[in-house]
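What's in final.cif: mmCIF, C-alpha atoms
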data_start
loop_
_atom_site.label_atom_id
_atom_site.label_comp_id
_atom_site.auth_asym_id
_atom_site.auth_seq_id
_atom_site.Cartn_x
_atom_site.Cartn_y
_atom_site.Cartn_z
CA MET A 23 125.28 174.08 161.97
CA ARG A 24 126.41 177.51 160.68
CA PHE A 25 123.32 178.03 158.47
CA GLN A 26 121.43 180.56 160.56
CA PRO A 27 124.19 182.92 161.70
CA ILE A 28 125.47 183.33 158.15
CA LEU A 29 121.94 183.56 156.79
CA ARG A 30 121.33 186.73 158.79
CA ARG A 31 124.13 188.62 157.10
CA ALA A 32 123.64 186.91 153.75
CA PHE A 33 120.04 187.90 153.14
CA LEU A 34 120.32 191.44 154.44
CA VAL A 35 123.26 192.11 152.14
CA MET A 36 121.67 190.39 149.14
CA ALA A 37 119.67 193.38 147.96
CA VAL A 38 122.73 195.58 148.26
CA ALA A 39 124.81 193.48 145.88
CA ALA A 40 123.78 195.60 142.86
CA ALA A 41 124.65 198.95 144.39
CA THR A 42 124.64 200.62 147.79
CA SER A 43 126.56 203.31 149.60
CA LEU A 44 129.77 201.46 149.04
CA ALA A 45 133.23 202.49 147.99
CA VAL A 46 135.17 200.17 145.72
CA SER A 47 138.91 199.64 145.79
CA VAL A 48 140.63 199.00 142.47
CA PRO A 49 142.91 195.98 141.99
CA ALA A 50 146.21 196.56 140.25
CA GLN A 51 145.20 194.67 137.09
CA ALA A 52 141.47 194.45 136.34
CA ASN A 53 139.77 192.66 133.46
CA PRO A 54 136.66 193.82 131.53
CA ALA A 55 134.18 191.91 133.72
CA GLU A 56 135.76 193.31 136.87
CA ASP A 57 135.87 196.78 135.31
CA TYR A 58 132.18 196.49 134.49
CA VAL A 59 131.20 195.58 138.04
CA GLN A 60 133.46 198.13 139.64
CA GLY A 61 132.49 200.97 137.30
CA ASN A 62 128.75 200.41 137.74
CA ILE A 63 128.98 200.11 141.50
CA ASN A 64 130.53 203.57 141.45
CA LYS A 65 127.51 204.89 139.52
CA GLY A 66 125.15 203.36 142.07
CA LEU A 67 127.22 204.86 144.84
CA ALA A 68 126.85 208.30 143.32
CA VAL A 69 123.06 207.97 143.17
CA LEU A 70 122.62 206.66 146.70
CA ASN A 71 124.94 209.19 148.27
CA ASN A 72 123.37 212.18 146.52
CA LYS A 73 121.69 214.07 149.38
CA GLN A 74 120.19 216.61 146.99
CA LEU A 75 117.77 214.06 145.57
CA SER A 76 114.35 213.52 147.08
CA THR A 77 113.45 210.00 148.19
CA GLU A 78 111.37 209.50 145.06
CA GLN A 79 114.09 210.86 142.79
CA ARG A 80 116.68 208.59 144.42
CA ARG A 81 114.39 205.59 143.97
CA SER A 82 113.75 206.45 140.36
CA GLN A 83 117.41 206.97 139.55
CA PHE A 84 118.40 203.85 141.47
CA GLU A 85 115.90 201.86 139.46
CA GLY A 86 117.35 203.28 136.25
CA PHE A 87 120.82 202.38 137.42
CA LEU A 88 119.76 198.84 138.33
CA LEU A 89 118.07 198.35 134.95
CA GLY A 90 121.23 199.49 133.23
CA LEU A 91 123.39 197.10 135.26
CA THR A 92 121.26 194.00 134.90
CA ASP A 93 119.17 192.26 132.27
CA MET A 94 115.92 192.11 134.23
CA LYS A 95 113.93 190.45 131.44
CA ARG A 96 116.48 187.69 131.13
CA ILE A 97 116.52 187.14 134.90
CA ALA A 98 112.71 187.24 135.05
CA ASP A 99 112.37 184.64 132.30
CA PHE A 100 114.89 182.40 134.05
CA THR A 101 113.02 182.54 137.34
CA LEU A 102 109.90 181.15 135.68
CA GLY A 103 111.72 177.88 135.11
CA GLN A 104 109.78 175.31 133.11
CA TYR A 105 106.67 177.56 133.15
CA ARG A 106 108.39 179.94 130.73
CA ARG A 107 107.83 177.51 127.86
CA THR A 108 104.07 177.31 128.30
CA ALA A 109 103.39 180.93 129.30
CA ASN A 110 101.33 182.97 126.86
CA PRO A 111 102.90 186.26 125.68
CA ALA A 112 100.51 188.46 127.68
CA ASP A 113 101.17 186.61 130.94
CA LEU A 114 104.89 186.64 130.25
CA ALA A 115 104.97 190.39 129.64
CA ALA A 116 102.94 191.01 132.80
CA PHE A 117 105.28 188.82 134.81
CA GLU A 118 108.41 190.52 133.48
CA GLY A 119 107.01 193.89 134.49
CA ALA A 120 105.96 192.66 137.92
CA PHE A 121 109.32 191.02 138.50
CA GLN A 122 111.18 194.20 137.67
CA ASN A 123 108.98 196.17 140.05
CA TYR A 124 109.39 193.57 142.81
CA ALA A 125 113.15 193.21 142.45
CA THR A 126 113.86 196.93 142.55
CA ALA A 127 111.48 197.45 145.49
CA VAL A 128 113.19 194.72 147.52
CA TYR A 129 116.68 196.01 146.78
CA GLN A 130 115.78 199.62 147.48
CA SER A 131 114.25 198.82 150.85
CA TYR A 132 117.58 197.63 152.26
CA PHE A 133 120.27 199.80 150.61
CA SER A 134 120.59 202.18 153.54
CA LYS A 135 121.75 199.50 155.97
CA TYR A 136 125.26 199.31 154.59
CA ALA A 137 126.42 202.87 154.50
CA GLY A 138 130.14 203.15 155.18
CA GLN A 139 131.02 199.63 154.13
CA THR A 140 133.52 198.80 151.41
CA LEU A 141 133.18 196.50 148.42
CA LYS A 142 136.56 195.19 147.28
CA VAL A 143 136.95 193.40 143.93
CA THR A 144 139.15 190.39 144.63
CA GLY A 145 139.24 188.68 141.25
CA SER A 146 137.18 186.92 138.63
CA GLN A 147 136.69 183.52 137.04
CA ALA A 148 135.75 182.84 133.42
CA ARG A 149 133.25 179.97 133.36
CA THR A 150 133.07 180.20 129.58
CA LEU A 151 134.17 182.78 127.01
CA ASP A 152 131.11 184.92 127.77
CA ASP A 153 130.25 183.98 131.36
CA PHE A 154 132.22 185.47 134.23
CA ILE A 155 131.98 185.47 137.99
CA VAL A 156 133.45 188.58 139.58
CA ALA A 157 134.33 188.05 143.20
CA THR A 158 134.16 190.85 145.72
CA GLN A 159 134.26 191.10 149.49
CA LEU A 160 132.09 193.26 151.68
CA ILE A 161 134.25 194.73 154.39
CA ASP A 162 132.70 196.28 157.46
CA PRO A 163 135.30 198.47 159.19
CA GLY A 164 133.27 198.26 162.40
CA ASP A 165 133.35 194.48 162.56
CA HIS A 166 136.03 193.27 164.99
CA SER A 167 134.71 189.75 165.39
CA GLY A 168 137.53 188.23 163.38
CA GLN A 169 135.08 186.69 160.94
CA GLU A 170 136.11 186.53 157.33
CA PRO A 171 134.59 189.28 155.14
CA LEU A 172 131.32 188.46 153.42
CA GLU A 173 131.77 187.38 149.83
CA VAL A 174 129.57 188.97 147.18
CA ASP A 175 129.87 187.61 143.64
CA PHE A 176 128.46 189.01 140.41
CA ARG A 177 127.72 186.82 137.41
CA VAL A 178 128.41 188.80 134.23
CA ARG A 179 127.36 187.61 130.77
CA THR A 180 128.68 189.10 127.53
CA ASP A 181 126.96 186.81 125.02
CA THR A 182 124.80 189.61 123.59
CA GLY A 183 127.77 191.87 122.96
CA LYS A 184 127.06 194.07 125.97
CA PRO A 185 128.04 192.98 129.49
CA VAL A 186 125.15 192.56 131.89
CA VAL A 187 124.86 191.23 135.41
CA VAL A 188 122.45 188.30 135.46
CA ASP A 189 122.80 187.21 139.06
CA PHE A 190 124.27 188.09 142.45
CA SER A 191 125.58 185.79 145.11
CA VAL A 192 126.01 186.66 148.77
CA ALA A 193 127.79 184.13 150.98
CA GLY A 194 127.20 181.58 148.27
CA ILE A 195 123.48 182.21 147.71
CA TRP A 196 122.63 183.10 144.11
CA LEU A 197 119.56 185.30 144.13
CA ALA A 198 118.12 184.28 140.74
CA LEU A 199 118.40 180.59 141.66
CA GLU A 200 116.57 181.22 144.91
CA GLU A 201 113.86 183.21 143.14
CA ARG A 202 113.43 180.47 140.53
CA ASP A 203 112.97 177.90 143.29
CA GLN A 204 110.33 180.07 144.93
CA PHE A 205 108.40 181.02 141.82
CA THR A 206 108.32 177.52 140.33
CA ALA A 207 107.24 176.11 143.69
CA PHE A 208 104.45 178.71 143.88
CA LEU A 209 103.33 177.96 140.32
CA GLY A 210 103.50 174.23 141.03
CA GLN A 211 101.15 174.70 143.96
CA ASN A 212 98.77 176.91 141.94
CA ASN A 213 98.38 175.07 138.63
CA GLY A 214 100.91 177.26 136.83
CA ASN A 215 98.80 180.39 137.37
CA ILE A 216 101.15 183.18 136.32
CA PRO A 217 98.61 186.02 136.83
CA MET A 218 98.35 184.89 140.47
CA LEU A 219 102.13 185.07 140.80
CA VAL A 220 102.08 188.52 139.21
CA SER A 221 99.50 189.64 141.73
CA HIS A 222 101.59 188.38 144.65
CA LEU A 223 104.71 190.08 143.32
CA ALA A 224 102.82 193.36 142.94
CA GLU A 225 101.56 193.13 146.50
CA LEU A 226 105.01 192.41 147.87
CA ALA A 227 106.52 195.29 145.90
CA LYS A 228 103.84 197.61 147.30
CA GLN A 229 104.63 196.49 150.86
CA PHE A 230 108.32 197.17 150.42
CA ARG A 231 107.76 200.58 148.86
CA ASN A 232 105.44 201.60 151.69
CA ASN A 233 107.95 200.65 154.39
CA MET B 8 121.13 165.33 176.19
CA GLY B 9 123.73 164.69 173.48
CA ARG B 10 122.55 161.11 173.04
CA GLY B 11 119.00 162.37 173.09
CA ARG B 12 119.66 164.70 170.17
CA THR B 13 121.31 161.87 168.27
CA LEU B 14 118.31 159.65 168.78
CA ALA B 15 115.95 162.46 167.84
CA VAL B 16 117.77 163.05 164.54
CA LEU B 17 117.72 159.35 163.65
CA LEU B 18 114.08 158.98 164.57
CA CYS B 19 113.16 162.02 162.53
CA GLY B 20 114.64 160.42 159.48
CA LEU B 21 112.64 157.26 160.06
CA VAL B 22 109.43 159.23 160.62
CA LEU B 23 109.90 161.15 157.40
CA THR B 24 110.52 157.99 155.46
CA ALA B 25 107.41 156.42 156.92
CA CYS B 26 105.34 159.51 156.10
CA ALA B 27 106.31 159.55 152.45
CA THR B 28 103.38 157.39 151.35
CA THR B 29 102.40 159.63 148.41
CA PRO B 30 104.54 159.07 145.33
CA PRO B 31 106.48 162.23 144.48
CA THR B 32 105.31 164.33 141.56
CA PRO B 33 107.75 164.97 138.68
CA GLU B 34 108.32 168.43 140.11
CA MET B 35 109.17 167.07 143.56
CA ALA B 36 111.54 164.59 141.97
CA ALA B 37 113.16 167.36 139.90
CA ASN B 38 113.60 169.44 143.07
CA ASN B 39 115.02 166.40 144.91
CA ASP B 40 112.28 166.94 147.47
CA PRO B 41 110.17 163.75 147.39
CA TYR B 42 108.88 164.40 150.92
CA GLU B 43 107.68 167.91 150.10
CA PRO B 44 104.12 167.55 151.51
CA THR B 45 105.48 166.19 154.79
CA ASN B 46 108.26 168.78 154.84
CA ARG B 47 105.75 171.61 154.35
CA GLU B 48 103.63 170.33 157.23
CA MET B 49 106.71 170.02 159.41
CA LEU B 50 107.73 173.58 158.58
CA GLN B 51 104.28 174.75 159.67
CA ILE B 52 104.54 172.79 162.91
CA ASN B 53 108.02 174.17 163.57
CA GLY B 54 106.64 177.62 162.79
CA LYS B 55 103.93 177.26 165.43
CA ILE B 56 106.45 176.08 168.02
CA ASP B 57 108.60 179.04 167.06
CA ARG B 58 105.76 181.55 167.21
CA TYR B 59 104.13 180.41 170.44
CA PHE B 60 107.13 179.23 172.43
CA VAL B 61 110.53 180.13 171.07
CA VAL B 62 109.97 183.75 170.04
CA PRO B 63 108.26 184.78 173.32
CA THR B 64 111.09 183.11 175.24
CA VAL B 65 113.66 184.93 173.13
CA ALA B 66 111.83 188.20 173.82
CA VAL B 67 112.16 187.60 177.56
CA TYR B 68 115.82 186.71 177.06
CA PHE B 69 116.39 190.00 175.27
CA VAL B 70 114.66 191.94 178.05
CA LEU B 71 116.48 190.26 180.91
CA VAL B 72 119.95 189.94 179.38
CA PRO B 73 121.67 193.05 177.98
CA ASP B 74 123.35 193.00 174.58
CA SER B 75 126.83 192.61 176.08
CA GLY B 76 125.63 189.61 178.04
CA ARG B 77 123.99 188.00 175.03
CA ARG B 78 127.17 188.45 173.01
CA ALA B 79 129.17 186.81 175.79
CA VAL B 80 126.76 183.87 175.83
CA HIS B 81 127.09 183.60 172.05
CA ARG B 82 130.88 183.53 172.26
CA PHE B 83 130.79 180.92 175.02
CA LEU B 84 128.50 178.65 173.02
CA GLU B 85 130.57 179.13 169.87
CA ASN B 86 133.71 178.21 171.79
CA LEU B 87 132.13 174.96 172.93
CA THR B 88 131.71 173.90 169.29
CA LEU B 89 135.37 174.37 168.42
CA PRO B 90 136.61 170.88 169.42
CA THR B 91 134.10 169.40 166.96
CA THR B 92 135.08 172.00 164.37
CA LEU B 93 138.75 171.04 164.83
CA VAL B 94 138.08 167.35 164.29
CA ASN B 95 136.18 168.15 161.10
CA ASP B 96 138.89 170.50 159.87
CA LEU B 97 141.39 167.65 160.24
CA LEU B 98 139.08 165.10 158.61
CA GLU B 99 138.73 167.51 155.68
CA GLY B 100 142.51 167.81 155.39
CA GLN B 101 142.36 171.52 156.22
CA ALA B 102 145.52 171.93 158.27
CA THR B 103 145.51 175.74 158.18
CA ARG B 104 141.90 176.00 159.23
CA GLY B 105 142.52 173.37 161.89
CA GLY B 106 145.40 175.41 163.24
CA GLN B 107 143.19 178.50 163.40
CA THR B 108 140.48 176.56 165.21
CA ALA B 109 142.93 175.12 167.71
CA ALA B 110 144.41 178.54 168.34
CA ARG B 111 141.03 180.16 168.82
CA PHE B 112 139.94 177.43 171.24
CA ALA B 113 143.15 177.56 173.26
CA ILE B 114 143.23 181.35 173.48
CA ASN B 115 139.53 181.95 174.09
CA THR B 116 139.22 179.13 176.62
CA THR B 117 142.12 180.45 178.69
CA ILE B 118 142.56 184.19 178.21
CA GLY B 119 138.97 184.42 177.02
CA LEU B 120 137.61 183.04 180.31
CA GLY B 121 136.06 179.89 178.94
CA GLY B 122 135.00 181.59 175.72
CA PHE B 123 132.98 184.49 177.13
CA LEU B 124 135.56 186.83 175.65
CA ASP B 125 137.12 186.68 172.18
CA PRO B 126 140.78 187.69 172.40
CA ALA B 127 141.47 185.43 169.39
CA GLY B 128 139.21 187.65 167.30
CA ARG B 129 141.12 190.72 168.38
CA MET B 130 144.28 188.90 167.28
CA LYS B 131 142.60 188.55 163.85
CA ILE B 132 142.58 184.76 163.97
CA PRO B 133 139.80 183.93 161.47
CA ASP B 134 136.68 182.14 162.55
CA HIS B 135 134.88 179.50 160.49
CA GLY B 136 132.48 176.65 160.93
CA ALA B 137 132.93 172.98 160.13
CA ASP B 138 130.63 170.06 160.66
CA PHE B 139 130.51 166.43 159.66
CA GLY B 140 127.82 167.04 157.06
CA VAL B 141 130.23 169.32 155.21
CA THR B 142 133.03 166.82 155.78
CA LEU B 143 130.95 164.12 154.13
CA GLY B 144 130.22 166.52 151.27
CA ALA B 145 133.92 167.22 150.89
CA TRP B 146 134.47 163.46 150.66
CA GLY B 147 131.97 163.33 147.79
CA VAL B 148 128.86 162.14 149.62
CA ASP B 149 125.72 163.50 147.98
CA GLU B 150 123.34 165.46 150.20
CA GLY B 151 120.29 163.36 149.36
CA PRO B 152 116.68 164.58 149.36
CA TYR B 153 115.65 167.69 151.23
CA MET B 154 114.12 167.17 154.67
CA VAL B 155 112.61 169.41 157.31
CA LEU B 156 113.24 167.90 160.71
CA PRO B 157 111.11 168.49 163.80
CA PHE B 158 112.61 171.36 165.82
CA LEU B 159 115.87 171.22 163.88
CA GLY B 160 114.55 172.60 160.60
CA PRO B 161 116.10 172.26 157.12
CA SER B 162 118.35 169.27 156.56
CA ASN B 163 119.01 166.24 154.38
CA PRO B 164 120.15 162.66 155.13
CA ARG B 165 123.84 163.55 154.85
CA ASP B 166 123.61 166.55 157.16
CA ALA B 167 121.28 164.80 159.61
CA PHE B 168 123.74 161.91 159.90
CA GLY B 169 126.55 164.45 160.17
CA LEU B 170 124.77 166.20 163.03
CA ALA B 171 124.46 162.90 164.90
CA VAL B 172 128.18 162.27 164.42
CA ASP B 173 129.03 165.79 165.60
CA VAL B 174 127.02 165.21 168.76
CA GLY B 175 129.04 162.05 169.27
CA LEU B 176 132.29 163.93 168.62
CA ASP B 177 131.47 166.67 171.11
CA PRO B 178 133.86 166.06 174.01
CA THR B 179 131.63 167.90 176.49
CA ASN B 180 129.24 164.98 176.24
CA TYR B 181 131.87 162.72 177.78
CA ILE B 182 132.96 164.79 180.75
CA PRO B 183 131.20 162.96 183.63
CA PHE B 184 129.63 165.80 185.55
CA LYS B 185 128.46 167.45 182.36
CA GLN B 186 126.37 164.47 181.49
CA HIS B 187 124.01 165.74 184.07
CA ILE B 188 120.81 166.60 182.29
CA TRP B 189 120.85 170.22 183.41
CA TRP B 190 124.11 170.90 181.55
CA GLY B 191 122.81 169.43 178.31
CA ALA B 192 119.38 170.97 178.62
CA GLY B 193 120.79 174.35 179.58
CA ARG B 194 123.26 174.38 176.73
CA TYR B 195 120.65 173.40 174.18
CA TYR B 196 118.16 175.93 175.56
CA PHE B 197 120.62 178.81 175.33
CA THR B 198 121.79 177.66 171.91
CA VAL B 199 118.20 177.92 170.67
CA LEU B 200 117.78 181.35 172.26
CA ASP B 201 121.08 182.55 170.83
CA LEU B 202 120.42 181.30 167.29
CA ARG B 203 116.85 182.49 167.20
CA GLY B 204 117.75 185.88 168.61
CA GLN B 205 120.39 186.37 165.95
CA THR B 206 118.21 185.25 163.09
CA PHE B 207 114.89 186.79 164.11
CA GLN B 208 115.05 189.77 161.76
CA THR B 209 116.49 187.72 158.93
CA VAL B 210 113.79 185.06 159.12
CA GLN B 211 111.15 187.76 159.37
CA THR B 212 112.59 189.47 156.28
CA ILE B 213 112.57 186.25 154.29
CA GLN B 214 109.00 185.55 155.33
CA ARG B 215 107.91 189.06 154.35
CA SER B 216 109.71 189.14 151.01
CA SER B 217 109.15 185.61 149.75
CA ILE B 218 106.36 184.32 147.59
CA ASP B 219 106.84 180.82 148.96
CA TYR B 220 108.70 180.74 152.26
CA TYR B 221 109.17 176.97 152.19
CA SER B 222 111.00 176.90 148.87
CA ALA B 223 112.94 180.08 149.68
CA LEU B 224 114.24 178.40 152.84
CA ARG B 225 115.00 175.22 150.90
CA SER B 226 117.01 177.13 148.33
CA PHE B 227 118.89 179.12 150.97
CA TYR B 228 119.77 175.96 152.87
CA ARG B 229 120.97 174.02 149.85
CA GLN B 230 123.05 176.84 148.45
CA LEU B 231 124.65 177.63 151.82
CA ARG B 232 125.58 174.01 152.37
CA ALA B 233 126.96 173.66 148.84
CA ASN B 234 129.00 176.78 149.46
CA ALA B 235 130.33 175.36 152.72
CA VAL B 236 131.49 172.24 150.88
CA ARG B 237 133.08 174.35 148.15
CA ALA B 238 134.96 176.31 150.81
CA VAL B 239 136.92 173.16 151.65
CA ARG B 240 136.96 171.82 148.08
CA PRO B 241 137.47 174.94 145.92
CA GLN B 242 138.46 172.92 142.88
CA LYS B 243 134.88 171.67 142.68
CA PRO B 244 133.25 173.97 140.07
CA GLN B 245 130.04 175.80 140.80
CA ASP B 246 127.13 174.08 139.15
CA LEU B 247 125.24 177.06 137.72
CA PRO B 248 122.50 176.87 135.09
CA ASP B 249 123.07 178.54 131.75
CA PHE B 250 120.94 181.66 131.28
#
With the file now loaded, output its structure as structure tokens.
Amino acid sequence: MRFQPILRRAFLVMAVAAATSLAVSVPAQANPAEDYVQGNINKGLAVLNNKQLSTEQRRSQFEGFLLGLTDMKRIADFTLGQYRRTANPADLAAFEGAFQNYATAVYQSYFSKYAGQTLKVTGSQARTLDDFIVATQLIDPGDHSGQEPLEVDFRVRTDTGKPVVVDFSVAGIWLALEERDQFTAFLGQNNGNIPMLVSHLAELAKQFRNN
Amino acid sequence: MGRGRTLAVLLCGLVLTACATTPPTPEMAANNDPYEPTNREMLQINGKIDRYFVVPTVAVYFVLVPDSGRRAVHRFLENLTLPTTLVNDLLEGQATRGGQTAARFAINTTIGLGGFLDPAGRMKIPDHGADFGVTLGAWGVDEGPYMVLPFLGPSNPRDAFGLAVDVGLDPTNYIPFKQHIWWGAGRYYFTVLDLRGQTFQTVQTIQRSSIDYYSALRSFYRQLRANAVRAVRPQKPQDLPDF
């Protein structure tokens, strides 16, 4: 089956879906959701390509960019699944902070791998009046294998009045769905212990930042 | 070897069913993973086989065979799967994709020296995969509960049955001299080396970055397979939760 060959490219690109050293081509007629994705990718591009920034400055600015693009709290709460309902406010706040730290550390650790590639907005689909999926393709000019370009989708919500990205999909894998599966499985195996999950996320974030 | 793989897949399903003596928890049922305890154990067993046998063998393969050689082996093995891909393209009603598959097979088998070269790729003829599990999904067959098969890894009843059918569809299993065990064993051995070599860093990354490797792998597998079905049935809407 084709699971493993695609998985290699899919996971490595996943963290880059928010922003990387990518250039974006503009379709002839874009809509607001597409404009939002395209415009913010350009901001991320500017941060990551700025050679005058130190590593720490680039990380800090990239984190600020990512927080502006996405609704991390909303994504964090979603990934807790059914445990969100029974979590006490202190545990919930700790988890949201740990999730933000973890997510940005994971994405930052891989952004450099895709320098020179191109993200092309190919269209969008309105699931509801305030829920859009913006489709893009990741085009590697050095890839002559004849394989179709990798598809990267952004899920954009506008229900709070301001557009935010709530999830990314690479080759069909939605990151927030995968994180929810992981976190709820972990909590299921550990009696719903959110502080333990927070501790694991902090440790993982530290490992990624140190690499 | 082809019949052996078919039997192995069918037996794995029976073993898993027999092992599911513990009633599933509500969470397992909600995750459509009633065999989760058995699946987790199987993943650990597969992991040990991988760590102590497959990975060291792949390391030797990487040392002995240069990158150009490994890529040629990969292309050859991929080319061998194209007859099965073509049958599935046609069963899915995908005439365009079937045409691309037929063209790639014809060109790469002849000009491409049996598939070691990829002139079809240079001609920009797109590549894609197709298997009977996806075909069944395109026909509306539900995937069923998640399973981790011995050696074969993530699966489900639909895909496991599909794999057995694909083995039966593979024409190389019916060419008389190729039924010799060395052909089948050699092909399977190099397929494992090729796949594992390509996915080594990815699997390592997932293991490093995941809180729960088992469920991360489960999610990856399910979403990839659903995406493969959607690729041949694009009118089927994505089932995404509201958040």
Checklist entry - Which residues, protein or nucleic acid, reach to within 8 Å of (132.5, 193.6, 144.1) in the file's coordinates when using all atoms listed in the file, and can you give that as number ranges by chain? => result A: 39, 46, 56, 59-60, 63, 141-144, 156-160, 174-176
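Residues captured in this structure file are B:Asn86, B:Leu89, B:Pro90, B:Thr108, B:Ala109, B:Ala110, B:Arg111, B:Asn115, B:Thr116, B:Thr117, B:Ile118, B:Gly119, B:Gly122, B:Pro126, B:Ala127, according to the PyMOL selection byres ((chain B and resi 112-114) around 8).
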Write out as a Markdown table a residue-level contact list of chain B versus chain A with cut-off 8 Å: for each qualifying residue the closest pair of atoms and the distance in Å to one decimal, counting only C-alpha atoms, rows sorted by chain and residue number upward.
| residue | atom | partner | partner_atom | distance |
| --- | --- | --- | --- | --- |
| B:Glu34 | CA | A:Gly210 | CA | 7.6 |
| B:Asp125 | CA | A:Ser167 | CA | 7.8 |
| B:Ala127 | CA | A:Gly168 | CA | 7.7 |
| B:Gly128 | CA | A:Gly168 | CA | 4.3 |
| B:Arg129 | CA | A:His166 | CA | 6.6 |
| B:Met130 | CA | A:Gly168 | CA | 7.8 |
| B:Lys131 | CA | A:Gly168 | CA | 5.1 |
| B:Ile132 | CA | A:Gly168 | CA | 6.2 |
| B:Pro133 | CA | A:Gly168 | CA | 5.2 |
| B:Asp134 | CA | A:Gln169 | CA | 5.1 |
| B:His135 | CA | A:Gln169 | CA | 7.2 |
| B:Gly136 | CA | A:Arg24 | CA | 6.1 |
| B:Ala137 | CA | A:Met23 | CA | 7.9 |
| B:Asp138 | CA | A:Met23 | CA | 6.8 |
| B:Leu170 | CA | A:Met23 | CA | 8.0 |
| B:Leu202 | CA | A:Gln26 | CA | 6.8 |
| B:Gln205 | CA | A:Pro27 | CA | 6.7 |
| B:Thr206 | CA | A:Arg30 | CA | 5.5 |
| B:Gln208 | CA | A:Arg30 | CA | 7.6 |
| B:Thr209 | CA | A:Arg30 | CA | 4.9 |
| B:Val210 | CA | A:Arg30 | CA | 7.7 |
| B:Ile213 | CA | A:Phe33 | CA | 7.7 |
| B:Arg215 | CA | A:Leu226 | CA | 7.9 |
| B:Ser216 | CA | A:Leu226 | CA | 6.5 |
| B:Ser217 | CA | A:Gln204 | CA | 7.4 |
| B:Ile218 | CA | A:Gln204 | CA | 6.4 |
| B:Asp219 | CA | A:Gln204 | CA | 5.4 |
| B:Tyr220 | CA | A:Gln204 | CA | 7.5 |
| B:Tyr221 | CA | A:Gln204 | CA | 8.0 |
| B:Ser222 | CA | A:Gln204 | CA | 5.1 |
| B:Ala223 | CA | A:Gln204 | CA | 5.4 |
| B:Ser226 | CA | A:Glu200 | CA | 5.3 |
| B:Phe227 | CA | A:Ile195 | CA | 6.4 |
| B:Tyr228 | CA | A:Phe25 | CA | 6.9 |
| B:Gln230 | CA | A:Ile195 | CA | 5.4 |
| B:Leu231 | CA | A:Gly194 | CA | 5.9 |
| B:Arg232 | CA | A:Phe25 | CA | 7.6 |
| B:Ala233 | CA | A:Gly194 | CA | 7.9 |
| B:Asn234 | CA | A:Gly194 | CA | 5.3 |
| B:Phe250 | CA | A:Phe100 | CA | 6.7 |
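The space between CA of Asn53 (chain B) and CA of Pro157 (chain B) spans 6.5 Å.
Between CA of Arg104 (chain B) and CA of Ser75 (chain B) there is a distance of 28.1 Å.
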Checklist entry - If we count all atoms listed in the file, what is near Val187 (chain A) at a cut-off of 10 Å, once residues fewer than 6 positions away on the same chain are taken out, given as a PyMOL selection string? => result chain A and resi 40+55+58-59+88-94+97+153-156+176-180
Checklist entry - Applied to this file, what does the PyMOL selection byres ((chain A and resi 126) around 9) return in terms of residues, put as number ranges by chain? => result A: 37, 81, 84-85, 88-89, 121-125, 127-131, 227
Dump N, CA and C atoms of region 89-99 of chain B from the given block, as a JSON list (two decimals), in the first residue's frame.
[["chain", "number", "residue", "atom", "x", "y", "z"],
["B", 89, "LEU", "N", 2.37, -1.91, -10.92],
["B", 89, "LEU", "CA", 1.47, -1.19, -11.84],
["B", 89, "LEU", "C", 0.36, -2.04, -12.46],
["B", 90, "PRO", "N", 0.60, -3.31, -12.79],
["B", 90, "PRO", "CA", -0.54, -4.10, -13.30],
["B", 90, "PRO", "C", -1.70, -4.15, -12.31],
["B", 91, "THR", "N", -1.37, -4.33, -11.03],
["B", 91, "THR", "CA", -2.42, -4.34, -10.00],
["B", 91, "THR", "C", -3.06, -2.96, -9.89],
["B", 92, "THR", "N", -2.24, -1.92, -9.96],
["B", 92, "THR", "CA", -2.77, -0.55, -9.91],
["B", 92, "THR", "C", -3.74, -0.33, -11.05],
["B", 93, "LEU", "N", -3.38, -0.82, -12.26],
["B", 93, "LEU", "CA", -4.23, -0.63, -13.44],
["B", 93, "LEU", "C", -5.58, -1.30, -13.25],
["B", 94, "VAL", "N", -5.56, -2.52, -12.75],
["B", 94, "VAL", "CA", -6.83, -3.24, -12.54],
["B", 94, "VAL", "C", -7.72, -2.44, -11.58],
["B", 95, "ASN", "N", -7.11, -1.93, -10.51],
["B", 95, "ASN", "CA", -7.89, -1.16, -9.54],
["B", 95, "ASN", "C", -8.38, 0.17, -10.12],
["B", 96, "ASP", "N", -7.56, 0.81, -10.92],
["B", 96, "ASP", "CA", -8.01, 2.04, -11.59],
["B", 96, "ASP", "C", -9.28, 1.76, -12.39],
["B", 97, "LEU", "N", -9.28, 0.64, -13.12],
["B", 97, "LEU", "CA", -10.42, 0.31, -13.97],
["B", 97, "LEU", "C", -11.64, -0.07, -13.12],
["B", 98, "LEU", "N", -11.40, -0.81, -12.05],
["B", 98, "LEU", "CA", -12.51, -1.19, -11.16],
["B", 98, "LEU", "C", -13.13, 0.05, -10.51],
["B", 99, "GLU", "N", -12.31, 1.08, -10.31],
["B", 99, "GLU", "CA", -12.81, 2.32, -9.71],
["B", 99, "GLU", "C", -13.46, 3.24, -10.74]]
